[in-house]
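Next up, upload-v6.csv (CSV, C-alpha atoms and all ligand atoms):
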```
chain,number,residue,atom,x,y,z
A,245,MET,CA,0.0,0.0,0.0
A,246,GLU,CA,1.4,3.3,-1.1
A,247,GLU,CA,0.5,6.6,0.4
A,248,LEU,CA,1.5,10.0,-0.9
A,249,TYR,CA,2.3,12.7,1.6
A,250,LYS,CA,3.5,16.3,1.3
A,251,CYS,CA,5.9,17.6,3.9
A,252,LYS,CA,4.5,20.8,5.3
A,253,ASN,CA,7.9,22.1,6.1
A,254,CYS,CA,9.9,21.7,2.9
A,255,GLN,CA,7.1,20.8,0.4
A,256,THR,CA,8.8,17.6,-0.6
A,257,ASN,CA,6.5,14.8,-1.9
A,258,ILE,CA,6.9,11.7,0.1
A,259,VAL,CA,5.9,8.1,-0.5
A,260,ILE,CA,5.1,5.9,2.4
A,261,VAL,CA,4.8,2.2,1.9
A,262,GLU,CA,3.5,0.1,4.7
A,263,ASP,CA,4.9,-3.4,4.9
A,264,ASN,CA,3.3,-5.9,7.2
A,265,LEU,CA,4.7,-9.3,6.5
A,266,PHE,CA,4.5,-10.8,9.9
A,267,TYR,CA,0.8,-10.8,10.6
A,268,SER,CA,1.5,-10.1,14.2
A,269,ASP,CA,-1.0,-8.8,16.7
A,270,GLU,CA,1.6,-6.7,18.4
A,271,LYS,CA,1.6,-3.2,17.0
A,272,SER,CA,4.3,-0.7,17.6
A,273,GLU,CA,4.3,3.0,17.2
A,274,VAL,CA,6.4,4.3,14.3
A,275,GLN,CA,7.3,7.9,13.8
A,276,ILE,CA,7.0,9.1,10.2
A,277,SER,CA,9.4,11.9,9.4
A,278,CYS,CA,10.4,13.6,6.3
A,279,PRO,CA,13.4,12.0,4.6
A,280,ALA,CA,14.5,15.4,3.3
A,281,CYS,CA,14.3,17.7,6.3
A,282,ASP,CA,13.5,15.4,9.2
A,283,HIS,CA,10.3,17.2,10.0
A,284,LYS,CA,7.9,15.0,12.0
A,285,LEU,CA,4.8,14.2,9.9
A,286,ASP,CA,2.9,11.6,11.7
A,287,THR,CA,2.9,8.7,14.2
A,288,ARG,CA,1.4,5.4,13.1
A,289,LEU,CA,0.6,2.1,14.7
A,290,THR,CA,1.8,-0.8,12.6
A,291,ASP,CA,2.6,-4.5,13.0
A,292,GLY,CA,5.2,-4.2,10.3
A,293,TRP,CA,7.2,-1.2,9.2
A,294,PHE,CA,7.2,1.7,6.9
A,295,PHE,CA,9.4,2.6,4.0
A,296,ILE,CA,9.7,6.3,3.7
A,297,GLN,CA,11.1,7.8,0.6
A,298,THR,CA,10.9,11.0,-1.4
A,299,GLU,CA,8.8,10.7,-4.5
A,300,ILE,CA,11.9,11.1,-6.6
A,301,GLU,CA,13.7,8.3,-5.0
A,302,PHE,CA,10.6,6.1,-5.2
A,303,LYS,CA,10.2,6.7,-8.9
A,304,LYS,CA,13.8,6.0,-9.5
A,305,GLU,CA,13.6,2.7,-7.6
A,306,LYS,CA,10.5,1.7,-9.6
A,307,GLU,CA,12.4,2.3,-12.8
A,308,ILE,CA,15.3,0.1,-11.6
A,309,GLU,CA,12.9,-2.6,-10.6
A,310,SER,CA,11.2,-2.6,-14.0
A,311,LYS,CA,14.5,-2.8,-15.8
A,312,LYS,CA,15.5,-5.8,-13.7
A,313,GLU,CA,12.4,-7.6,-14.7
A,314,ARG,CA,13.3,-7.3,-18.3
A,315,LEU,CA,16.7,-8.9,-17.8
A,316,PRO,CA,16.9,-12.5,-19.1
A,317,TYR,CA,19.1,-13.7,-16.3
A,318,PRO,CA,18.9,-12.9,-12.6
A,319,MET,CA,21.5,-10.5,-11.2
A,320,MET,CA,24.3,-12.2,-9.4
B,1,ZN,ZN,10.5,18.0,4.8
```

How does this structure look as structure tokens?
Amino acid sequence: MEELYKCKNCQTNIVIVEDNLFYSDEKSEVQISCPACDHKLDTRLTDGWFFIQTEIEFKKEKEIESKKERLPYPMM
């Protein structure tokens, strides 16, 4: 699940991806802060974790991922 945020402090677009692989009942509080200026955005409860990236980084990574998929052999 991807969520788009905008930092109120530096106006950077931020993508938050929640990852809960463990299906645990135990939730912990995670602080979401801006990767560009460290401004605190939100506090969330999760049983997994959050990946916080700027939108630019996020798009760059997506591009790399899609290139990898096109390779005939897996990367060693
Ligand atoms: Zn910021």

Report as a PyMOL selection string which protein, DNA and RNA residues come within 10 Å of ligand ZN 1 (chain B), using all atoms listed in the file. chain A and resi 250-258+277-285+298

Which one is closest to A:Thr290: A:Asp263, A:Glu313, A:Met245, A:Ile308? Count all atoms listed in the file. A:Asp263

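If you count all atoms listed in the file and ignore residues fewer than 6 places along the chain from stretch 264-272 of chain A, what sits within 12 Å of it is A:Met245, A:Thr287, A:Arg288, A:Leu289, A:Thr290, A:Asp291, A:Gly292, A:Trp293, A:Phe294, A:Phe295.
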
Written selection (C-alpha atoms) as a PDB file, in the coordinates of the input:
```pdb
ATOM      1  CA  MET A 245       0.000   0.000   0.000  1.00  0.00           C
ATOM      2  CA  THR A 287       2.900   8.700  14.200  1.00  0.00           C
ATOM      3  CA  ARG A 288       1.400   5.400  13.100  1.00  0.00           C
ATOM      4  CA  LEU A 289       0.600   2.100  14.700  1.00  0.00           C
ATOM      5  CA  THR A 290       1.800  -0.800  12.600  1.00  0.00           C
ATOM      6  CA  ASP A 291       2.600  -4.500  13.000  1.00  0.00           C
ATOM      7  CA  GLY A 292       5.200  -4.200  10.300  1.00  0.00           C
ATOM      8  CA  TRP A 293       7.200  -1.200   9.200  1.00  0.00           C
ATOM      9  CA  PHE A 294       7.200   1.700   6.900  1.00  0.00           C
ATOM     10  CA  PHE A 295       9.400   2.600   4.000  1.00  0.00           C
TER      11      PHE A 295
END
```

Find the distance between atom CA of A:Tyr317 and atom CA of A:Lys304 and write it in Å to one decimal.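 That distance, rounded to one decimal, is 21.5 Å.
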
Hey, can you check how far atom CA of A:Phe302 sits from atom CA of A:Ile276? 16.1 Å

As an exercise, work out the distance from atom CA of A:Glu246 to atom CA of A:Val261 in Å and give it to one decimal place.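 So the answer is 4.7 Å.
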
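Counting only C-alpha atoms, the residue from A:Glu262, A:Asp286, A:Leu248, A:Glu273 that sits nearest to A:Ile300 is A:Leu248.
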
Which polymer residues, protein or nucleic acid, are no farther than 6 Å from (9.9, 6.0, -3.8), counting all atoms listed in the file, as a ChimeraX atom specification? /A:259,297-299,301-303

Could you write stretch 284-302 of chain A as a PDB file, keeping the file's coordinate frame, with N, CA and C atoms rebuilt where they are missing?
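Saved to selection-v1.pdb:
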```
ATOM      1  N   LYS A 284       8.808  16.054  11.554  1.00  0.00           N
ATOM      2  CA  LYS A 284       7.900  15.000  12.000  1.00  0.00           C
ATOM      3  C   LYS A 284       6.538  15.156  11.308  1.00  0.00           C
ATOM      4  N   LEU A 285       6.104  14.106  10.621  1.00  0.00           N
ATOM      5  CA  LEU A 285       4.800  14.200   9.900  1.00  0.00           C
ATOM      6  C   LEU A 285       3.692  13.517  10.604  1.00  0.00           C
ATOM      7  N   ASP A 286       3.947  12.350  11.163  1.00  0.00           N
ATOM      8  CA  ASP A 286       2.900  11.600  11.700  1.00  0.00           C
ATOM      9  C   ASP A 286       3.402  10.458  12.590  1.00  0.00           C
ATOM     10  N   THR A 287       2.535   9.924  13.432  1.00  0.00           N
ATOM     11  CA  THR A 287       2.900   8.700  14.200  1.00  0.00           C
ATOM     12  C   THR A 287       1.845   7.666  13.898  1.00  0.00           C
ATOM     13  N   ARG A 288       2.291   6.506  13.550  1.00  0.00           N
ATOM     14  CA  ARG A 288       1.400   5.400  13.100  1.00  0.00           C
ATOM     15  C   ARG A 288       1.605   4.195  13.970  1.00  0.00           C
ATOM     16  N   LEU A 289       0.532   3.424  14.076  1.00  0.00           N
ATOM     17  CA  LEU A 289       0.600   2.100  14.700  1.00  0.00           C
ATOM     18  C   LEU A 289       0.736   1.084  13.570  1.00  0.00           C
ATOM     19  N   THR A 290       1.697   0.204  13.669  1.00  0.00           N
ATOM     20  CA  THR A 290       1.800  -0.800  12.600  1.00  0.00           C
ATOM     21  C   THR A 290       2.353  -2.122  13.241  1.00  0.00           C
ATOM     22  N   ASP A 291       2.013  -3.225  12.591  1.00  0.00           N
ATOM     23  CA  ASP A 291       2.600  -4.500  13.000  1.00  0.00           C
ATOM     24  C   ASP A 291       3.733  -4.872  12.040  1.00  0.00           C
ATOM     25  N   GLY A 292       4.068  -3.966  11.164  1.00  0.00           N
ATOM     26  CA  GLY A 292       5.200  -4.200  10.300  1.00  0.00           C
ATOM     27  C   GLY A 292       6.124  -3.013  10.327  1.00  0.00           C
ATOM     28  N   TRP A 293       6.392  -2.414   9.171  1.00  0.00           N
ATOM     29  CA  TRP A 293       7.200  -1.200   9.200  1.00  0.00           C
ATOM     30  C   TRP A 293       6.880  -0.362   7.983  1.00  0.00           C
ATOM     31  N   PHE A 294       7.436   0.812   7.981  1.00  0.00           N
ATOM     32  CA  PHE A 294       7.200   1.700   6.900  1.00  0.00           C
ATOM     33  C   PHE A 294       8.469   2.024   6.127  1.00  0.00           C
ATOM     34  N   PHE A 295       8.343   2.068   4.811  1.00  0.00           N
ATOM     35  CA  PHE A 295       9.400   2.600   4.000  1.00  0.00           C
ATOM     36  C   PHE A 295       9.061   4.004   3.649  1.00  0.00           C
ATOM     37  N   ILE A 296       9.923   4.911   3.999  1.00  0.00           N
ATOM     38  CA  ILE A 296       9.700   6.300   3.700  1.00  0.00           C
ATOM     39  C   ILE A 296      10.701   6.836   2.742  1.00  0.00           C
ATOM     40  N   GLN A 297      10.232   7.318   1.615  1.00  0.00           N
ATOM     41  CA  GLN A 297      11.100   7.800   0.600  1.00  0.00           C
ATOM     42  C   GLN A 297      10.560   9.098   0.000  1.00  0.00           C
ATOM     43  N   THR A 298      11.417   9.880  -0.598  1.00  0.00           N
ATOM     44  CA  THR A 298      10.900  11.000  -1.400  1.00  0.00           C
ATOM     45  C   THR A 298      10.324  10.432  -2.666  1.00  0.00           C
ATOM     46  N   GLU A 299       9.412  11.172  -3.268  1.00  0.00           N
ATOM     47  CA  GLU A 299       8.800  10.700  -4.500  1.00  0.00           C
ATOM     48  C   GLU A 299       9.793  10.450  -5.591  1.00  0.00           C
ATOM     49  N   ILE A 300      10.818  11.272  -5.628  1.00  0.00           N
ATOM     50  CA  ILE A 300      11.900  11.100  -6.600  1.00  0.00           C
ATOM     51  C   ILE A 300      12.609   9.822  -6.477  1.00  0.00           C
ATOM     52  N   GLU A 301      12.998   9.521  -5.241  1.00  0.00           N
ATOM     53  CA  GLU A 301      13.700   8.300  -5.000  1.00  0.00           C
ATOM     54  C   GLU A 301      12.792   7.065  -5.296  1.00  0.00           C
ATOM     55  N   PHE A 302      11.531   7.200  -4.939  1.00  0.00           N
ATOM     56  CA  PHE A 302      10.600   6.100  -5.200  1.00  0.00           C
ATOM     57  C   PHE A 302      10.430   5.807  -6.634  1.00  0.00           C
TER      58      PHE A 302
END
```
